[in-house]
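Structure record follows, encoded as structure tokens.
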Amino acid sequence: MSGLSKNNTSVFFLLLTLFFTQFGLAQEDVKTTKFKVSDLSGDVLIGASIIVVENGKEIGGVTDLLGEFKIDLHSSSTYTISYVGFLEKRGSVNPGQELHVILEQNEIELSEVVVTSQFKPTLVESSIQDVRIISKDEIAAKGSSNLKDVLNSSSNFSFSESDIYGSNIQIGGLGGANVKFLINGVPVSGRLNNEIDINQILLSDVERIEIIEGPQSAIYGNNAMAGVINIITKTKSALPSRLELNALYESTGKYDLDGAYSTNLKGHSMGISFGRYFFSGFSTDDNSRDLDWNPKEQYFGNAYYSKIIKRTELTLSGRVFREKILNRYNPATPFASIALDDHFKTSRQQYLAEFKNSFKPGHVLSGAVSYSYYKRIKNTYIKNLINLEETISPSSSDQDTNKIQNYFGTTSYSFETNSGDLSLLNGIQSEHERFKGERIQDEAQYITDLAYYTSLKWRVFNEKLEIQPSLRFIYNSKYVAPVIPAFYLKYTFDKIDFRASYSRGFRAPSIKELYLYFVDVNHNIRGNENLKAENGHYLNVSINAKKGFKRQMLSGELTASYSTIHDKIELVLSDPNTTEYTYRNFETFQSWNSRAGIQYHNKSLRLENSVNTVWIQVGQMGNDPSKLDPFLQFSSNASYTITRFGLDVSASYKYNGKRDSYYIDSESGDIYSFTIEDYHWLEVSAGKSFFEEKLRLTIGGRNLFNVKDVKSNATINGIHSPNNEYTPVGTGISIFTKLKINI
């Protein structure tokens, strides 16, 4: 018995030894394999699908925020990687291997991902709202340095130019006071004359631009009744390090130089960008000191740091901008030896901390806090034209300093069921803005805005129908704000998408509109503390269709919208005897918009054409409304790749029809309209890469119809009203050359 027991014990220990030996060998065979997925430029692809087949068994997943996916493998396996808008890639992989997989874009079924007003990153055609995207390739082809340059050839945008206030935008007939500008979802502060000068929004580190037209107040709050423009910057690269240098020369006296460096070190992503943009000024009269377009010098620097800790991504970033504009005047008499010069110095700073946590599948918690500082100084100097000495003007009205501090915070939580049929978004936002200036009542004022918003998305009928109601509840320190609702609907018929929406808009008066007091020899502008907030309603319907055939894609869109705004705020003449101007509410502003577009593309050719029409009607209680003539725009964009020579050529044409605008006399309620004549705009460019994409040269021409000023029949003179026969549009024909170096 004891012998048998001994034998059994020996067999047991032998089997145990064999088990642990095999287990240990098996453990040694298991190795972690890492995939990193990016595009040709080195930008990582987040959410790329990876399927690995090991011994006939499929294991799947998606790339994380660094474009990475890790998996434990025992033996050699095969993989398939796919990403929307890119060609699928297959291959083999060994245990423990680190693969950097580069995907090429599918030129036929190209699709892009959007984040603006979305629960999560979403394909543009899957978005419940119409979203327009301007890609980094389009920006590069235009040789664009700022937002004005790149939007100039897009439909439904119009601009007004000022040598002091810069370029201001209109969307669908509504001015920039109702356009929300965002950088990575965070508001851009520092509105001069209630608008953002879009020449100050630079594009050196921009990945893409996302545009949604119509009120976005339910998600983004104030100043969003005309729409949202979200600038998405580059924050990640799959390359260990990358250095990019750009130099641009334009024949109108423009010299731009910028650079960027990014690196990845053991999960730490960081980068900086910097540059100097200079414009020497332009005038049709070579003998005049007073130029049509003032000289301008801009400096900027941006930096970011990003780190992923388990399921949480942390990002810190900062942006600094400086600008100096010189506004020269002619001498008071032809032979005078002195003249006045205005120096305008602008400073912008923004510091941002963000986090994003995917603590469970389908659950995302994100947040951001930012501090923004804006400062604009105006100094007037008396210049001796003989010895060139400058002395500051003794008049206090010739000097001015404005400072704006903005504190912004937001947190949101989104949830999606496993089936994807139901999604929920909840968020809170806070914004506190403090304005300091000698021309502001008591020299300092502030506005605080607190909000809670919620949105629910429901997909039914096999995800053919999507419904998304949204609500925003607001506390404003100056006004009792209404509840802001929005409702979106999308139905998919095979290759056709139908969208419809209703949304409400809200804009509280700005601090300047409420508290400005600017009275001197040349000005008499007063704020109005009795202003009401603007309230608006917006309806939109659209149809989008797409058809692919024989490696080609044809798509089209039809869009129609109606908006009405009550108590719209205008600057008006309140006392003809003293030429006093003030801000007043007017009863109604209505606009009707329509757009039709068609796009075609294949591997080498891309064509886009659209026509846009805007009708505007304005009126005050007790007066008949004034209808302005329709404003017509037609735009056409084409790009073609000559594969044999590796040459990319592009052209952009835009027709801006006659445009009516208006000014209102608050005493009589009369609406004075004037017409800006039509004009044509054309840009062309050609680009070629050398030395395996290390160097790229782009040559092009802007404003090839040589438009400088367009005729206007305005007859009213006054503050912010036209007072001459022509409106500035451009600096005439210009030729540009841009050199890009990648190291």
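Every chain in the structure tokens has a letter given in the order shown (A, B, ...), and although residue numbers restart at 1 in each chain, ligands are simply numbered from 1 in the order shown.
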
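Near Ser470 in chain A, within a cut-off of 9 Å and counting only C-alpha atoms, sit the residues Ala218, Ile219, Tyr453, Thr454, Ser455, Leu456, Lys457, Ile484, Pro485, Ala486, Phe487, Tyr488 and Ser503 of chain A, with same-chain residues fewer than 5 positions away left out.
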
Prev. selection, N, CA and C atoms, output as an mmCIF file, in the first residue's frame:
data_model
loop_
_atom_site.group_PDB
_atom_site.id
_atom_site.type_symbol
_atom_site.label_atom_id
_atom_site.label_comp_id
_atom_site.auth_asym_id
_atom_site.auth_seq_id
_atom_site.Cartn_x
_atom_site.Cartn_y
_atom_site.Cartn_z
ATOM 1 N N ALA A 218 -28.312 76.077 -28.010
ATOM 2 C CA ALA A 218 -28.643 75.020 -27.055
ATOM 3 C C ALA A 218 -27.395 74.348 -26.506
ATOM 4 N N ILE A 219 -26.326 74.284 -27.304
ATOM 5 C CA ILE A 219 -25.078 73.667 -26.854
ATOM 6 C C ILE A 219 -24.036 74.717 -26.499
ATOM 7 N N TYR A 453 -27.053 72.080 -19.961
ATOM 8 C CA TYR A 453 -27.705 71.642 -21.193
ATOM 9 C C TYR A 453 -27.810 70.118 -21.214
ATOM 10 N N THR A 454 -28.827 69.652 -21.897
ATOM 11 C CA THR A 454 -29.047 68.211 -22.025
ATOM 12 C C THR A 454 -29.555 67.913 -23.424
ATOM 13 N N SER A 455 -29.147 66.782 -23.956
ATOM 14 C CA SER A 455 -29.550 66.396 -25.298
ATOM 15 C C SER A 455 -29.676 64.880 -25.362
ATOM 16 N N LEU A 456 -30.712 64.416 -26.041
ATOM 17 C CA LEU A 456 -31.000 62.990 -26.164
ATOM 18 C C LEU A 456 -31.099 62.632 -27.639
ATOM 19 N N LYS A 457 -30.402 61.574 -28.041
ATOM 20 C CA LYS A 457 -30.477 61.115 -29.430
ATOM 21 C C LYS A 457 -31.044 59.694 -29.442
ATOM 22 N N ILE A 484 -33.675 77.491 -23.805
ATOM 23 C CA ILE A 484 -33.337 77.399 -25.223
ATOM 24 C C ILE A 484 -33.551 75.963 -25.700
ATOM 25 N N PRO A 485 -34.586 75.732 -26.527
ATOM 26 C CA PRO A 485 -34.802 74.390 -27.066
ATOM 27 C C PRO A 485 -34.216 74.246 -28.474
ATOM 28 N N ALA A 486 -33.976 73.009 -28.847
ATOM 29 C CA ALA A 486 -33.603 72.682 -30.224
ATOM 30 C C ALA A 486 -34.103 71.273 -30.514
ATOM 31 N N PHE A 487 -34.460 71.034 -31.756
ATOM 32 C CA PHE A 487 -34.953 69.713 -32.144
ATOM 33 C C PHE A 487 -34.403 69.389 -33.527
ATOM 34 N N TYR A 488 -33.766 68.215 -33.644
ATOM 35 C CA TYR A 488 -33.163 67.799 -34.906
ATOM 36 C C TYR A 488 -33.726 66.441 -35.318
ATOM 37 N N SER A 503 -34.523 75.401 -34.000
ATOM 38 C CA SER A 503 -33.689 75.805 -32.865
ATOM 39 C C SER A 503 -33.981 77.256 -32.515
#

Top pick for closest residue to Leu471 in chain A, considering A:Leu388, A:Ile428, A:Leu554, A:Leu265 and counting only C-alpha atoms: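 Of the candidates, the smallest distance to Leu471 in chain A is held by A:Ile428.
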
Those of range 529-700 of chain A in DSSP strand (DSSP E or B), formatted as a PyMOL selection string: chain A and resi 534-549+552-575+580-601+605-619+626-642+647-656+659-665+671-676+679-690+695-700

For Asn656 in chain A: contacts at 7 Å, only C-alpha atoms, fewer than 3 positions along chain excluded, given as JSON, numbers by chain: {"A": [632, 633, 634, 678, 679, 680]}

Residues from the last selection, C-alpha atoms, saved as a CSV table (one decimal), in the first residue's frame:
chain,number,residue,atom,x,y,z
A,632,LEU,CA,-26.9,85.8,-54.8
A,633,GLN,CA,-23.6,83.9,-54.5
A,634,PHE,CA,-22.1,81.3,-56.7
A,678,ASP,CA,-21.4,92.7,-57.5
A,679,TYR,CA,-17.9,91.4,-58.2
A,680,HIS,CA,-16.0,88.2,-59.1

Neighbouring residues of range 641-653 of chain A were defined as those with any atom within 10 Å, considering only C-alpha atoms; residues of the same chain fewer than 2 positions away were excluded. Please report them as a short mmCIF file (atom, residue, chain, number, x, y, z; two decimals) with N, CA and C atoms, in the first residue's frame.
data_model
loop_
_atom_site.label_atom_id
_atom_site.label_comp_id
_atom_site.auth_asym_id
_atom_site.auth_seq_id
_atom_site.Cartn_x
_atom_site.Cartn_y
_atom_site.Cartn_z
N GLU A 138 -7.13 71.55 -48.23
CA GLU A 138 -7.71 72.73 -48.86
C GLU A 138 -7.03 74.00 -48.36
N ALA A 141 -3.62 74.18 -50.04
CA ALA A 141 -3.70 74.50 -51.47
C ALA A 141 -3.91 75.99 -51.71
N LYS A 142 -4.63 76.65 -50.81
CA LYS A 142 -4.90 78.08 -50.96
C LYS A 142 -3.74 78.94 -50.47
N ASN A 152 -12.94 82.88 -47.95
CA ASN A 152 -13.29 83.87 -48.97
C ASN A 152 -13.97 83.24 -50.19
N SER A 153 -13.66 81.97 -50.47
CA SER A 153 -14.24 81.33 -51.64
C SER A 153 -15.39 80.39 -51.28
N SER A 154 -15.85 80.39 -50.02
CA SER A 154 -16.94 79.53 -49.58
C SER A 154 -18.27 80.26 -49.68
N LYS A 603 -10.39 59.66 -58.44
CA LYS A 603 -9.07 59.59 -57.82
C LYS A 603 -8.25 60.85 -58.04
N SER A 604 -8.44 61.50 -59.18
CA SER A 604 -7.59 62.65 -59.53
C SER A 604 -8.31 63.98 -59.53
N LEU A 605 -9.62 63.97 -59.77
CA LEU A 605 -10.36 65.21 -59.98
C LEU A 605 -11.42 65.40 -58.90
N ARG A 606 -11.55 66.65 -58.45
CA ARG A 606 -12.59 67.00 -57.49
C ARG A 606 -13.24 68.31 -57.93
N LEU A 607 -14.59 68.31 -58.07
CA LEU A 607 -15.33 69.49 -58.48
C LEU A 607 -16.43 69.77 -57.46
N GLU A 608 -16.59 71.03 -57.08
CA GLU A 608 -17.65 71.43 -56.15
C GLU A 608 -18.26 72.73 -56.65
N ASN A 609 -19.58 72.74 -56.78
CA ASN A 609 -20.29 73.94 -57.22
C ASN A 609 -21.49 74.17 -56.31
N PHE A 634 -22.44 82.54 -56.05
CA PHE A 634 -22.13 81.28 -56.74
C PHE A 634 -20.66 80.98 -56.52
N SER A 635 -20.35 79.76 -56.12
CA SER A 635 -18.95 79.39 -55.89
C SER A 635 -18.64 78.09 -56.60
N SER A 636 -17.43 77.98 -57.10
CA SER A 636 -16.98 76.79 -57.80
C SER A 636 -15.53 76.51 -57.41
N ASN A 637 -15.26 75.28 -56.99
CA ASN A 637 -13.91 74.88 -56.60
C ASN A 637 -13.53 73.62 -57.37
N ALA A 638 -12.32 73.60 -57.88
CA ALA A 638 -11.84 72.44 -58.63
C ALA A 638 -10.40 72.15 -58.25
N SER A 639 -10.08 70.86 -58.15
CA SER A 639 -8.70 70.45 -57.91
C SER A 639 -8.41 69.21 -58.75
N TYR A 655 -18.68 84.23 -57.23
CA TYR A 655 -19.41 85.42 -57.66
C TYR A 655 -20.22 85.94 -56.49
N HIS A 680 -16.44 89.62 -58.92
CA HIS A 680 -15.98 88.24 -59.13
C HIS A 680 -14.62 88.06 -58.45
N TRP A 681 -14.41 86.85 -57.93
CA TRP A 681 -13.14 86.55 -57.24
C TRP A 681 -12.60 85.23 -57.76
N LEU A 682 -11.33 85.19 -58.10
CA LEU A 682 -10.72 83.98 -58.64
C LEU A 682 -9.33 83.76 -58.04
N GLU A 683 -9.07 82.52 -57.62
CA GLU A 683 -7.77 82.12 -57.11
C GLU A 683 -7.35 80.83 -57.81
N VAL A 684 -6.06 80.70 -58.12
CA VAL A 684 -5.52 79.46 -58.69
C VAL A 684 -4.21 79.14 -57.99
N SER A 685 -3.85 77.85 -57.96
CA SER A 685 -2.58 77.46 -57.37
C SER A 685 -2.13 76.13 -57.95
N ALA A 686 -0.83 75.88 -57.86
CA ALA A 686 -0.24 74.61 -58.28
C ALA A 686 0.83 74.24 -57.26
N GLY A 687 0.83 72.97 -56.83
CA GLY A 687 1.79 72.53 -55.83
C GLY A 687 2.43 71.21 -56.20
N LYS A 688 3.69 71.06 -55.83
CA LYS A 688 4.43 69.82 -56.11
C LYS A 688 5.37 69.53 -54.95
N SER A 689 5.46 68.24 -54.60
CA SER A 689 6.34 67.80 -53.52
C SER A 689 7.62 67.21 -54.11
N PHE A 690 8.71 67.36 -53.35
CA PHE A 690 10.02 66.86 -53.75
C PHE A 690 10.65 66.10 -52.59
N THR A 698 4.45 75.58 -53.54
CA THR A 698 3.14 75.97 -54.06
C THR A 698 3.24 77.38 -54.64
N ILE A 699 2.75 77.55 -55.85
CA ILE A 699 2.73 78.85 -56.52
C ILE A 699 1.30 79.14 -56.95
N GLY A 700 0.84 80.35 -56.74
CA GLY A 700 -0.54 80.65 -57.09
C GLY A 700 -0.80 82.13 -57.27
N GLY A 701 -2.03 82.43 -57.62
CA GLY A 701 -2.46 83.81 -57.78
C GLY A 701 -3.80 84.04 -57.11
N ARG A 702 -3.97 85.21 -56.51
CA ARG A 702 -5.23 85.57 -55.87
C ARG A 702 -5.84 86.78 -56.59
N ASN A 703 -7.16 86.89 -56.44
CA ASN A 703 -7.88 88.07 -56.93
C ASN A 703 -7.51 88.37 -58.38
N LEU A 704 -7.63 87.34 -59.23
CA LEU A 704 -7.18 87.48 -60.62
C LEU A 704 -8.07 88.37 -61.46
#
